[in-house]
Amino acid sequence: MEKAQLRENEKVHIVNLNNGERLETYVIKGQRGSNTFALNGPAARKGEIGDEIFILSYALIDSNESLEPILVDLVHTS
């Protein structure tokens, strides 16, 4: 969450690159330093361990501002 500058309860879109699934959900804070991403509840059926995903978040900014994407490469080894 820190690396990607995500906040608890922030709305995000999840895109699973392995199976094409997409879903809209929100961020739930996990154990600090665990490097774990988990799909809970019905969303858990949208992916499997080892799937590559994009987590997309959005921001409203003034027209004179710009934002650079934040890319976080997190590799799950189990």
# chains A, B, ... in the order shown; residues from 1 in each chain; ligands from 1
$ residues_around --residues "Ile70 in chain A" --least-positions-apart "3" --cutoff "12 Å" --atoms "only C-alpha atoms" --output "list in words"
Met1, Glu2, Lys3, Ala4, Gln5, Leu6, Phe54, Ile55, Leu56, Ser57, Tyr58, Leu67 and Asp73 of chain A
$ write_last_selection --atoms "all heavy atoms" --output "compact mmCIF listing (two decimals), in the first residue's frame"
# COMPACT_ATOMS: atom_id res chain seq x y z
N MET A 1 0.82 -1.18 0.00
CA MET A 1 0.00 0.00 0.00
C MET A 1 0.87 1.25 0.00
O MET A 1 0.56 2.20 -0.71
CB MET A 1 -0.92 0.01 1.21
CG MET A 1 -2.09 -0.97 1.13
SD MET A 1 -3.11 -1.03 2.62
CE MET A 1 -3.66 0.65 2.78
N GLU A 2 1.93 1.22 0.80
CA GLU A 2 2.79 2.40 0.86
C GLU A 2 3.49 2.65 -0.46
O GLU A 2 3.52 3.78 -0.94
CB GLU A 2 3.80 2.25 1.98
CG GLU A 2 3.19 2.32 3.36
CD GLU A 2 4.18 1.99 4.47
OE1 GLU A 2 5.39 1.86 4.19
OE2 GLU A 2 3.73 1.83 5.62
N LYS A 3 4.06 1.61 -1.05
CA LYS A 3 4.78 1.77 -2.31
C LYS A 3 3.87 2.32 -3.41
O LYS A 3 4.29 3.12 -4.23
CB LYS A 3 5.39 0.44 -2.76
CG LYS A 3 6.55 -0.03 -1.94
CD LYS A 3 7.05 -1.36 -2.44
CE LYS A 3 8.14 -1.90 -1.58
NZ LYS A 3 8.60 -3.23 -2.04
N ALA A 4 2.64 1.85 -3.43
CA ALA A 4 1.69 2.28 -4.47
C ALA A 4 0.88 3.50 -4.06
O ALA A 4 0.06 3.99 -4.82
CB ALA A 4 0.74 1.13 -4.79
N GLN A 5 1.11 4.00 -2.85
CA GLN A 5 0.40 5.16 -2.30
C GLN A 5 -1.12 4.93 -2.29
O GLN A 5 -1.90 5.81 -2.62
CB GLN A 5 0.76 6.43 -3.06
CG GLN A 5 2.21 6.79 -2.93
CD GLN A 5 2.59 8.06 -3.66
OE1 GLN A 5 1.74 8.84 -4.07
NE2 GLN A 5 3.88 8.28 -3.81
N LEU A 6 -1.52 3.71 -1.91
CA LEU A 6 -2.95 3.39 -1.78
C LEU A 6 -3.36 3.60 -0.33
O LEU A 6 -2.56 3.39 0.59
CB LEU A 6 -3.21 1.93 -2.18
CG LEU A 6 -2.97 1.58 -3.63
CD1 LEU A 6 -3.11 0.08 -3.83
CD2 LEU A 6 -3.92 2.35 -4.53
N PHE A 54 -3.08 -6.05 -12.38
CA PHE A 54 -2.90 -4.61 -12.28
C PHE A 54 -3.91 -4.13 -11.26
O PHE A 54 -5.07 -4.57 -11.25
CB PHE A 54 -3.20 -3.89 -13.60
CG PHE A 54 -2.13 -4.01 -14.65
CD1 PHE A 54 -2.46 -3.81 -15.96
CD2 PHE A 54 -0.82 -4.29 -14.34
CE1 PHE A 54 -1.51 -3.89 -16.95
CE2 PHE A 54 0.15 -4.37 -15.32
CZ PHE A 54 -0.19 -4.17 -16.63
N ILE A 55 -3.49 -3.23 -10.39
CA ILE A 55 -4.40 -2.53 -9.48
C ILE A 55 -4.43 -1.09 -9.95
O ILE A 55 -3.41 -0.42 -9.99
CB ILE A 55 -3.92 -2.61 -8.02
CG1 ILE A 55 -3.78 -4.06 -7.58
CG2 ILE A 55 -4.87 -1.83 -7.12
CD1 ILE A 55 -3.14 -4.23 -6.22
N LEU A 56 -5.61 -0.63 -10.35
CA LEU A 56 -5.75 0.71 -10.89
C LEU A 56 -6.48 1.60 -9.89
O LEU A 56 -7.55 1.23 -9.39
CB LEU A 56 -6.56 0.66 -12.19
CG LEU A 56 -6.07 -0.33 -13.25
CD1 LEU A 56 -7.06 -0.40 -14.39
CD2 LEU A 56 -4.70 0.06 -13.75
N SER A 57 -5.90 2.74 -9.60
CA SER A 57 -6.58 3.73 -8.77
C SER A 57 -6.62 5.03 -9.56
O SER A 57 -5.85 5.22 -10.51
CB SER A 57 -5.87 3.91 -7.42
OG SER A 57 -4.59 4.48 -7.61
N TYR A 58 -7.49 5.92 -9.16
CA TYR A 58 -7.73 7.14 -9.91
C TYR A 58 -7.69 8.34 -8.98
O TYR A 58 -7.90 8.21 -7.78
CB TYR A 58 -9.10 7.08 -10.59
CG TYR A 58 -9.26 5.89 -11.50
CD1 TYR A 58 -9.72 4.67 -11.01
CD2 TYR A 58 -8.92 5.97 -12.84
CE1 TYR A 58 -9.85 3.56 -11.83
CE2 TYR A 58 -9.05 4.86 -13.67
CZ TYR A 58 -9.52 3.68 -13.16
OH TYR A 58 -9.64 2.59 -13.98
N LEU A 67 0.11 13.79 -13.02
CA LEU A 67 0.50 12.68 -12.15
C LEU A 67 1.28 11.66 -12.97
O LEU A 67 0.93 11.39 -14.12
CB LEU A 67 -0.73 11.98 -11.57
CG LEU A 67 -1.52 12.71 -10.50
CD1 LEU A 67 -2.75 11.89 -10.14
CD2 LEU A 67 -0.68 12.96 -9.27
N ASP A 73 6.40 -3.56 -8.62
CA ASP A 73 6.58 -4.95 -9.07
C ASP A 73 6.68 -5.83 -7.83
O ASP A 73 7.66 -5.78 -7.10
CB ASP A 73 7.86 -5.05 -9.91
CG ASP A 73 8.01 -6.41 -10.55
OD1 ASP A 73 7.08 -7.22 -10.50
OD2 ASP A 73 9.08 -6.66 -11.11
$ residues_around --residues "range 43-50 of chain A" --least-positions-apart "5" --cutoff "12 Å" --atoms "only C-alpha atoms" --output "VMD selection string"
chain A and resid 13 to 26 36 to 38 74 to 78
$ select_by_dssp --residues "chain A" --states "strand (DSSP E)" --output "list in words"
Lys11, Val12, His13, Ile14, Val15, Asn16, Arg22, Leu23, Glu24, Thr25, Tyr26, Ile53, Phe54, Ile55 and Leu56 of chain A
$ atom_distance --atom1 "CA of Glu10 in chain A" --atom2 "CA of Ala59 in chain A"
10.6 Å
$ atom_distance --atom1 "CA of Gln31 in chain A" --atom2 "CA of Leu60 in chain A"
28.7 Å
